[in-house]
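> The structure under discussion is supplied below as structure tokens; questions concerning it will follow.
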Amino acid sequence: MRNSTKVEALIESCRSEGKWQKVIDLSEELKTGSPNNECLATFLVGEARLEGFLEESPPIESNFVKARSGLQEAKRCLSLVTRENGQKAGIALDAYLLLAKLCYACGEYEKSLENFVKAELNTLAEKELTLRSLRILAESYAIKGLCLENQTAKPSSKFKKAEKESEMITCFERSTDLGLLYLQEQDVAHYSATTNNTGGSTLTINTNVQQSFSNLTISSSAPATPLELNRRMGTILETALQRAPIVLIKAGKLQEAINRYRTMLNAIETKTTQSLRLTLARQLAEVLLRGVSGTIYSPPTQKKQSSGLWKPRKYAAHNQFIPRNQQEETILLLLIAEALAVKDTVLSQSPEFRLARTHAMGNATAVYDLLTLATVRWGLIQLLNESFEKALKFSFGEQHVWRQYGISLMAAGKHMHALRVLQESIKLNHNDPLPCLLASKLCYESLGLIKEGLEYAQLAMKRESKNIRNTRSQLYVGIGYQQLAIQSILKAERENYNKLALDALEKSAQLDSNDHLCEYYLSLQYSLLNNMSEALAHIRFALSLRTEHAPSLHLFALLLTGSRRPREALTVVEDALEEFPDNLNLLHIKAHLQLHLQDAEIALVTVQRMLAIWRELYEG
């Protein structure tokens, strides 16, 4: 009897660790030691064959056919213990739950749901469970939710549809609570085992194996504590943990989905959930950014610790920070996600770490993209710059990160620094014209480096596909020549640049006849050449393509004054100022026209308004 007890304890340990071949071997020993344990041994063999198979072939659609043939023996063993002997031994319930899992792995969703009905899954009372039983139950609720979601038969009425939807949501929520609790208990068990191995406190192991199988309905002793834990949560639990809030979103229950995300993120972290926490934090931030407006946002509240036996333990510090608004919560989530993503990054450039490096970099990039959206929306450019500076430490050769960093520096007004970063981005990808265009724009608009900007624009043209031409590259070349012509002192040099500019701008307009900027700069070029009729024709076309473009309206008014049509110009300016009341260029023209057409007092009022706007914008 003593030897049988030792075998039972060892079996329980192996079940928690996922050592399924060892479980099969020990089951034969258990059966040999006592014929009364034959039913229990059969169950253990069925469970071990099922779990061992699923470790090699996860329950996904591509493995359904393989599972139907590979799980025949597991199905036979588990079916045997659902009969009278299994009922007497108290293991029929567990067998039904595992049969449901087996049917799910074979793609037989209706049969899986039938087994859950036989197990009376919905009526189980909350009791203390062993580690293995926690996992079985968490996966059972997850599988039931996934089966309901994948059912092909549609509900016959709106009431039935709502009932099914509610049941599916309940299953996923229970699965996430039990799954997180299981992972927390797994960490506790691992810590206890480690302490015992290093001469710490005594290790307590539940030796009543038969009781552990039936403990879904009756209370059992403390969870089993394995010496070495298989720390993976498994495909089913991982799917359920990510699926729970998504199902709520699909059902139109956005606030409930947000609360579910918050509940999972507030659960005490385990080693297994670190990567999951990164995904959940990123997803919730994305929901808050894209799906929630400020008017319907509800901040999180500090709730009392849940006392349910099947609820995960949560963080409940007295000085716990609680976001007060959408901005604080979104930024907090993204900073947490960033910290986790940075922690997971792989610095080694060795070929054997390529897949791990790519995966970690993908997670980090997704977080930085969302952080870019959030910080730009709320004007937190400095925070974004600091984050990208940290990202450069593990972004060797990652052009996307360097390019984003360059753009953030442009937004922060650090123009020379931005140019140096974009130069690095240009080197990292020899086929991408975008960083060349950004560098060209920076040189033209902010640094006054016209020749350098022209060189970047020409480089962008060289990088383009022969079949797909980018209008912007051709346009930026034209702008470069145009600016050089304006700066030129020598007549021959100016005429040459003007000719090159006109050719480039006409080509850009031909490449895209619907680009208002091509028409705008073409009009500007004709005006510089004193060809007013062509300039007016192109600026009118530019305005027909985009009516609310302040520079086009400004140029149109100037061309009208140059054509001796000041009253029309004043009308254009006054209409434009209704859309752009603080535009100093338009106000400047209006003051001149008022002085010419009306009187000095009226023009003075406009000038005073200009001065007030200038002070507001620049004096501080």
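Identifiers for the structure tokens are assigned positionally: chains receive A, B, ... in sequence, residues are indexed from 1 per chain, and ligands are indexed from 1 in the order shown.
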List as a list of chain:residue names the protein and nucleic acid residues near range 75-78 of chain A, meaning an atom at most 10 Å away when only C-alpha atoms are counted, but skip any in the same chain fewer than 6 places from it.

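The residues that qualify are A:Cys39, A:Ala41, A:Thr42, A:Phe43, A:Leu44, A:Val45, A:Gly46, A:Glu47, A:Arg49, A:Leu50, A:Arg68, A:Gly86, A:Ile91, A:Ala92, A:Asp94, A:Ala95, A:Tyr96, A:Leu97, A:Leu98, A:Leu99, A:Leu102, A:Cys103.
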
> Of the candidates A:Gln274, A:Asn385, A:Asn36, A:Gln525, which shows the shortest atom-to-atom distance to Ala485 in chain A, using only C-alpha atoms?

A:Gln525

> Residues within 12 Å of Val65 in chain A, please, as a ChimeraX atom specification. Count only C-alpha atoms; anything in the same chain fewer than 2 positions from it doesn't count.

/A:57,59-63,67-72,103-108

> Give me the residues within 12 Å of range 161-163 of chain A as an MDAnalysis selection string, counting only C-alpha atoms and dropping any in the same chain fewer than 6 places off.

chainID A and resid 148:149 151 153:155 169:170 251:252

> Would you write out, as a Markdown table, a table of all residues in range 148-192 of chain A that have an atom no more than 9 Å from an atom of range 136-140 of chain A, listing for each the closest atom pair and the distance in Å to one decimal, considering only C-alpha atoms and ordering rows by chain and rising residue number?


| residue | atom | partner | partner_atom | distance |
| --- | --- | --- | --- | --- |
| A:Cys171 | CA | A:Ser140 | CA | 8.7 |
| A:Arg174 | CA | A:Ala138 | CA | 7.3 |
| A:Ser175 | CA | A:Ala138 | CA | 4.6 |
| A:Thr176 | CA | A:Ala138 | CA | 7.3 |
| A:Asp177 | CA | A:Ala138 | CA | 7.9 |
| A:Leu178 | CA | A:Ala138 | CA | 5.1 |
| A:Gly179 | CA | A:Ala138 | CA | 5.2 |
| A:Leu180 | CA | A:Ala138 | CA | 8.9 |
| A:Tyr182 | CA | A:Ala138 | CA | 8.0 |

> I'd like the neighbourhood of Leu437 in chain A as a PyMOL selection string, where a residue qualifies if any of its atoms comes within 7 Å (using only C-alpha atoms), though same-chain residues fewer than 6 positions away should be ignored.

chain A and resi 456-457+460+473

> For the helix (DSSP H, G or I) assignment from backbone DSSP, which residues of range 534-571 of chain A qualify? Please present them as number ranges by chain.

A: 534-545, 550-562, 566-571

> Could you name the residues that touch Val342 in chain A at 8 Å or less, counting only C-alpha atoms, but leaving out those on the same chain fewer than 4 positions away, as a PyMOL selection string?

chain A and resi 338+364+391

> Please dump the current selection as a PDB file, in the first residue's frame; keep C-alpha atoms.


ATOM      1  CA  GLU A 338       7.485  49.095 -24.380  1.00  0.00           C
ATOM      2  CA  ALA A 364       8.640  46.169 -30.330  1.00  0.00           C
ATOM      3  CA  ALA A 391      15.011  51.495 -29.253  1.00  0.00           C
TER       4      ALA A 391
END

> So, with only C-alpha atoms as the atoms that count, which of A:Lys314, A:Lys390, A:Lys250, A:Lys66 lies closest to Leu54 in chain A?

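Smallest distance to Leu54 in chain A is found for A:Lys66.
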
> Near Ile479 in chain A, counting only C-alpha atoms, which residues have an atom at most 8 Å away, once you skip same-chain residues fewer than 2 positions from it, shown as a list in words?

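My list of contacting residues is Leu475, Tyr476, Val477, Tyr481, Gln482, Gln483, Ala501, Leu505 and Tyr521 of chain A.
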
> How many Å separate CA of Ser133 in chain A from CA of Cys147 in chain A?

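Distance reported for this atom pair: 20.7 Å.
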